[in-house]
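*Asks:* Starting off with a structure, shown below.
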Amino acid sequence: LDTIITLDLKKEGLSREIIRAINQIRKEKGLTREKLVTVEYETNDEELKKIFTEFEKEIKNAVLAKLIKEGVGEVEVEVNDKKLKLKVY
């Protein structure tokens with residue numbers, strides 16, 4: 001059993017945490033599964049910015065987003081001790 005966390009596994013884990021956070025915001029706002037949303041993210045962390053770029057298609061599919069873009073967030077979340085603000089509408 002290989003227990004070493006590779007860079008690819010770390011990136012995939014970060015993308016899943018981002019997806020979880022976005023879906024939680026969707027739920028709190030009462031956005032139904034039929035509603036396609038726009039997601040804006042705000043962070044100073046370059047690694048998180050790269051995750052949004054590299055995993056854009058996967059994140060869009062998982063959270064039912066028509067658009068993901070860097071912008072001004074409103075809900076602050078932590079992803080692996082990294083600060084991230086998200087806005088889902």
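Letters A, B, ... mark the chains of the structure tokens in the order given; residue numbers begin at 1 per chain; ligand numbers begin at 1, in order shown.
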Env of A:Leu31: 12 Å cut, atoms = only C-alpha atoms, seq-sep filter 5 positions within chain, self excluded. Answer as a list in words.
*Replies:* Ile22, Asn23, Gln24, Ile25, Arg26, Leu36, Val37, Thr38, Val63, Leu64, Ala65, Val88 and Tyr89 of chain A
*Asks:* Need the shell around A:Val72: protein/DNA/RNA residues with any atom at most 7 Å away, counting only C-alpha atoms. Skip same-chain ones fewer than 3 positions apart. Format as a list in words?
*Replies:* Glu40, Tyr41 and Glu42 of chain A
*Asks:* List every residue of stretch 36-80 of chain A that has an atom at most 9 Å from any atom of stretch 1-13 of chain A, giving for each one its closest atom pair and the distance in Å to one decimal, counting only C-alpha atoms, sorted by chain and then by ascending residue number, as a tab-separated table.
*Replies:*
```
residue	atom	partner	partner_atom	distance
A:Glu47	CA	A:Lys11	CA	8.6
A:Leu48	CA	A:Lys11	CA	8.9
A:Ile51	CA	A:Lys11	CA	6.6
A:Phe55	CA	A:Glu12	CA	8.2
```
*Asks:* Fewer than 4 positions away in the same chain doesn't count, so skip those; otherwise give me all residues within 8 Å of stretch 77-81 of chain A, counting only C-alpha atoms, as a list in words.
*Replies:* Leu14, Glu17, Ile18, Ala21, Lys85 and Leu86 of chain A
*Asks:* Report the residues of stretch 1-77 of chain A whose backbone DSSP state falls under alpha helix (DSSP H), written as a VMD selection string.
*Replies:* chain A and resid 7 to 29 46 to 54 56 to 63
*Asks:* Just N, CA, C and O atoms for this one: save the residues we selected as a compact mmCIF listing (two decimals), in the first residue's frame.
*Replies:*
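What ended up in out-v9.txt:
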```
# COMPACT_ATOMS: atom_id res chain seq x y z
N LEU A 7 1.93 15.12 -5.77
CA LEU A 7 1.43 16.45 -6.11
C LEU A 7 0.07 16.36 -6.80
O LEU A 7 -0.84 17.14 -6.50
N ASP A 8 -0.09 15.37 -7.68
CA ASP A 8 -1.38 15.19 -8.37
C ASP A 8 -2.50 14.86 -7.39
O ASP A 8 -3.61 15.37 -7.50
N LEU A 9 -2.21 14.00 -6.41
CA LEU A 9 -3.22 13.66 -5.41
C LEU A 9 -3.57 14.87 -4.55
O LEU A 9 -4.74 15.08 -4.21
N LYS A 10 -2.58 15.67 -4.22
CA LYS A 10 -2.82 16.88 -3.43
C LYS A 10 -3.72 17.84 -4.20
O LYS A 10 -4.68 18.38 -3.65
N LYS A 11 -3.42 18.04 -5.49
CA LYS A 11 -4.24 18.93 -6.31
C LYS A 11 -5.68 18.43 -6.41
O LYS A 11 -6.63 19.20 -6.31
N GLU A 12 -5.84 17.12 -6.61
CA GLU A 12 -7.18 16.55 -6.70
C GLU A 12 -7.93 16.74 -5.39
O GLU A 12 -9.12 17.06 -5.38
N GLY A 13 -7.24 16.57 -4.28
CA GLY A 13 -7.86 16.78 -2.97
C GLY A 13 -8.31 18.22 -2.79
O GLY A 13 -9.39 18.48 -2.26
N LEU A 14 -7.48 19.17 -3.21
CA LEU A 14 -7.85 20.58 -3.11
C LEU A 14 -9.08 20.88 -3.97
O LEU A 14 -9.98 21.61 -3.55
N SER A 15 -9.12 20.31 -5.17
CA SER A 15 -10.28 20.56 -6.04
C SER A 15 -11.55 20.00 -5.39
O SER A 15 -12.61 20.63 -5.46
N ARG A 16 -11.45 18.86 -4.75
CA ARG A 16 -12.63 18.29 -4.07
C ARG A 16 -13.09 19.14 -2.90
O ARG A 16 -14.29 19.27 -2.65
N GLU A 17 -12.14 19.72 -2.18
CA GLU A 17 -12.50 20.61 -1.08
C GLU A 17 -13.20 21.87 -1.60
O GLU A 17 -14.14 22.36 -1.00
N ILE A 18 -12.72 22.39 -2.72
CA ILE A 18 -13.36 23.55 -3.35
C ILE A 18 -14.78 23.20 -3.77
O ILE A 18 -15.72 23.96 -3.53
N ILE A 19 -14.94 22.04 -4.39
CA ILE A 19 -16.27 21.58 -4.82
C ILE A 19 -17.20 21.46 -3.62
O ILE A 19 -18.35 21.91 -3.66
N ARG A 20 -16.70 20.87 -2.53
CA ARG A 20 -17.51 20.71 -1.33
C ARG A 20 -17.97 22.07 -0.81
O ARG A 20 -19.14 22.27 -0.46
N ALA A 21 -17.05 23.05 -0.77
CA ALA A 21 -17.38 24.39 -0.26
C ALA A 21 -18.43 25.07 -1.15
O ALA A 21 -19.38 25.68 -0.64
N ILE A 22 -18.27 24.97 -2.46
CA ILE A 22 -19.23 25.59 -3.38
C ILE A 22 -20.60 24.95 -3.23
O ILE A 22 -21.62 25.64 -3.18
N ASN A 23 -20.64 23.62 -3.15
CA ASN A 23 -21.92 22.93 -3.01
C ASN A 23 -22.60 23.28 -1.68
O ASN A 23 -23.83 23.36 -1.61
N GLN A 24 -21.81 23.50 -0.63
CA GLN A 24 -22.38 23.92 0.65
C GLN A 24 -23.03 25.30 0.52
O GLN A 24 -24.12 25.53 1.03
N ILE A 25 -22.38 26.20 -0.19
CA ILE A 25 -22.95 27.54 -0.40
C ILE A 25 -24.22 27.43 -1.24
O ILE A 25 -25.22 28.09 -0.95
N ARG A 26 -24.19 26.59 -2.28
CA ARG A 26 -25.41 26.37 -3.09
C ARG A 26 -26.57 25.95 -2.20
O ARG A 26 -27.68 26.46 -2.30
N LYS A 27 -26.29 24.99 -1.33
CA LYS A 27 -27.33 24.45 -0.43
C LYS A 27 -27.86 25.54 0.49
O LYS A 27 -29.08 25.68 0.67
N GLU A 28 -26.94 26.31 1.09
CA GLU A 28 -27.35 27.37 2.01
C GLU A 28 -28.19 28.44 1.32
O GLU A 28 -29.07 29.03 1.94
N LYS A 29 -27.93 28.68 0.04
CA LYS A 29 -28.69 29.68 -0.71
C LYS A 29 -29.97 29.11 -1.31
O LYS A 29 -30.73 29.83 -1.94
N GLU A 46 -1.56 31.34 -4.87
CA GLU A 46 -1.33 30.95 -6.27
C GLU A 46 -1.70 29.50 -6.52
O GLU A 46 -2.18 29.16 -7.60
N GLU A 47 -1.49 28.63 -5.54
CA GLU A 47 -1.83 27.21 -5.72
C GLU A 47 -3.33 27.03 -5.92
O GLU A 47 -3.76 26.29 -6.81
N LEU A 48 -4.14 27.74 -5.14
CA LEU A 48 -5.60 27.64 -5.32
C LEU A 48 -6.02 28.20 -6.67
O LEU A 48 -6.90 27.64 -7.33
N LYS A 49 -5.40 29.29 -7.11
CA LYS A 49 -5.72 29.84 -8.42
C LYS A 49 -5.44 28.82 -9.51
O LYS A 49 -6.23 28.66 -10.45
N LYS A 50 -4.33 28.09 -9.39
CA LYS A 50 -3.99 27.07 -10.37
C LYS A 50 -5.00 25.92 -10.36
O LYS A 50 -5.32 25.37 -11.40
N ILE A 51 -5.50 25.58 -9.18
CA ILE A 51 -6.50 24.51 -9.08
C ILE A 51 -7.76 24.90 -9.86
O ILE A 51 -8.32 24.08 -10.60
N PHE A 52 -8.21 26.15 -9.69
CA PHE A 52 -9.39 26.60 -10.43
C PHE A 52 -9.16 26.52 -11.94
O PHE A 52 -10.08 26.21 -12.69
N THR A 53 -7.95 26.81 -12.39
CA THR A 53 -7.63 26.74 -13.81
C THR A 53 -7.52 25.30 -14.30
O THR A 53 -8.15 24.92 -15.28
N GLU A 54 -6.73 24.49 -13.59
CA GLU A 54 -6.49 23.11 -14.02
C GLU A 54 -7.73 22.22 -13.93
O GLU A 54 -7.91 21.33 -14.75
N GLU A 56 -10.98 23.34 -13.87
CA GLU A 56 -12.18 24.12 -14.17
C GLU A 56 -13.33 23.25 -14.67
O GLU A 56 -14.46 23.36 -14.19
N LYS A 57 -13.06 22.37 -15.61
CA LYS A 57 -14.12 21.53 -16.18
C LYS A 57 -14.73 20.63 -15.11
O LYS A 57 -15.96 20.52 -15.02
N GLU A 58 -13.89 20.00 -14.29
CA GLU A 58 -14.38 19.11 -13.25
C GLU A 58 -15.20 19.87 -12.20
O GLU A 58 -16.25 19.40 -11.77
N ILE A 59 -14.72 21.04 -11.83
CA ILE A 59 -15.45 21.84 -10.83
C ILE A 59 -16.79 22.29 -11.40
O ILE A 59 -17.83 22.17 -10.74
N LYS A 60 -16.80 22.78 -12.65
CA LYS A 60 -18.05 23.20 -13.29
C LYS A 60 -19.07 22.07 -13.29
O LYS A 60 -20.24 22.27 -12.96
N ASN A 61 -18.65 20.89 -13.70
CA ASN A 61 -19.56 19.75 -13.77
C ASN A 61 -20.09 19.36 -12.39
O ASN A 61 -21.27 19.06 -12.24
N ALA A 62 -19.22 19.38 -11.40
CA ALA A 62 -19.61 18.93 -10.07
C ALA A 62 -20.55 19.90 -9.36
O ALA A 62 -21.38 19.47 -8.55
N VAL A 63 -20.43 21.20 -9.65
CA VAL A 63 -21.25 22.19 -8.95
C VAL A 63 -22.31 22.81 -9.84
O VAL A 63 -23.01 23.72 -9.43
```
*Asks:* Using DSSP on the backbone coordinates, identify all residues within chain A classified as strand (DSSP E or B); present the result as a PDB file with C-alpha atoms, in the first residue's frame.
*Replies:*
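That gives us states_1.pdb:
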```pdb
ATOM      1  CA  VAL A  37     -24.704  29.134 -11.328  1.00  0.00           C
ATOM      2  CA  THR A  38     -21.747  31.458 -11.691  1.00  0.00           C
ATOM      3  CA  VAL A  39     -18.890  31.050  -9.231  1.00  0.00           C
ATOM      4  CA  GLU A  40     -16.504  33.880  -8.417  1.00  0.00           C
ATOM      5  CA  TYR A  41     -13.433  33.191  -6.330  1.00  0.00           C
ATOM      6  CA  GLU A  42     -10.998  35.490  -4.571  1.00  0.00           C
ATOM      7  CA  ALA A  65     -21.696  26.078 -12.942  1.00  0.00           C
ATOM      8  CA  LYS A  66     -21.893  27.796 -16.293  1.00  0.00           C
ATOM      9  CA  LEU A  67     -18.974  30.098 -15.424  1.00  0.00           C
ATOM     10  CA  ILE A  68     -16.087  30.138 -12.949  1.00  0.00           C
ATOM     11  CA  LYS A  69     -14.048  33.303 -12.751  1.00  0.00           C
ATOM     12  CA  GLU A  70     -11.708  35.213 -10.514  1.00  0.00           C
ATOM     13  CA  VAL A  75     -18.188  33.791   1.792  1.00  0.00           C
ATOM     14  CA  GLU A  76     -14.798  33.027   3.323  1.00  0.00           C
ATOM     15  CA  VAL A  77     -13.794  29.376   3.532  1.00  0.00           C
ATOM     16  CA  GLU A  78     -10.564  27.555   4.297  1.00  0.00           C
ATOM     17  CA  VAL A  79      -9.202  24.921   1.962  1.00  0.00           C
ATOM     18  CA  LYS A  82      -5.606  28.457   2.686  1.00  0.00           C
ATOM     19  CA  LYS A  83      -8.043  31.379   2.652  1.00  0.00           C
ATOM     20  CA  LEU A  84     -10.567  31.540  -0.168  1.00  0.00           C
ATOM     21  CA  LYS A  85     -13.641  33.705  -0.705  1.00  0.00           C
ATOM     22  CA  LEU A  86     -16.439  32.367  -2.875  1.00  0.00           C
ATOM     23  CA  LYS A  87     -19.516  33.936  -4.388  1.00  0.00           C
ATOM     24  CA  VAL A  88     -22.145  31.679  -5.921  1.00  0.00           C
TER      25      VAL A  88
END
```
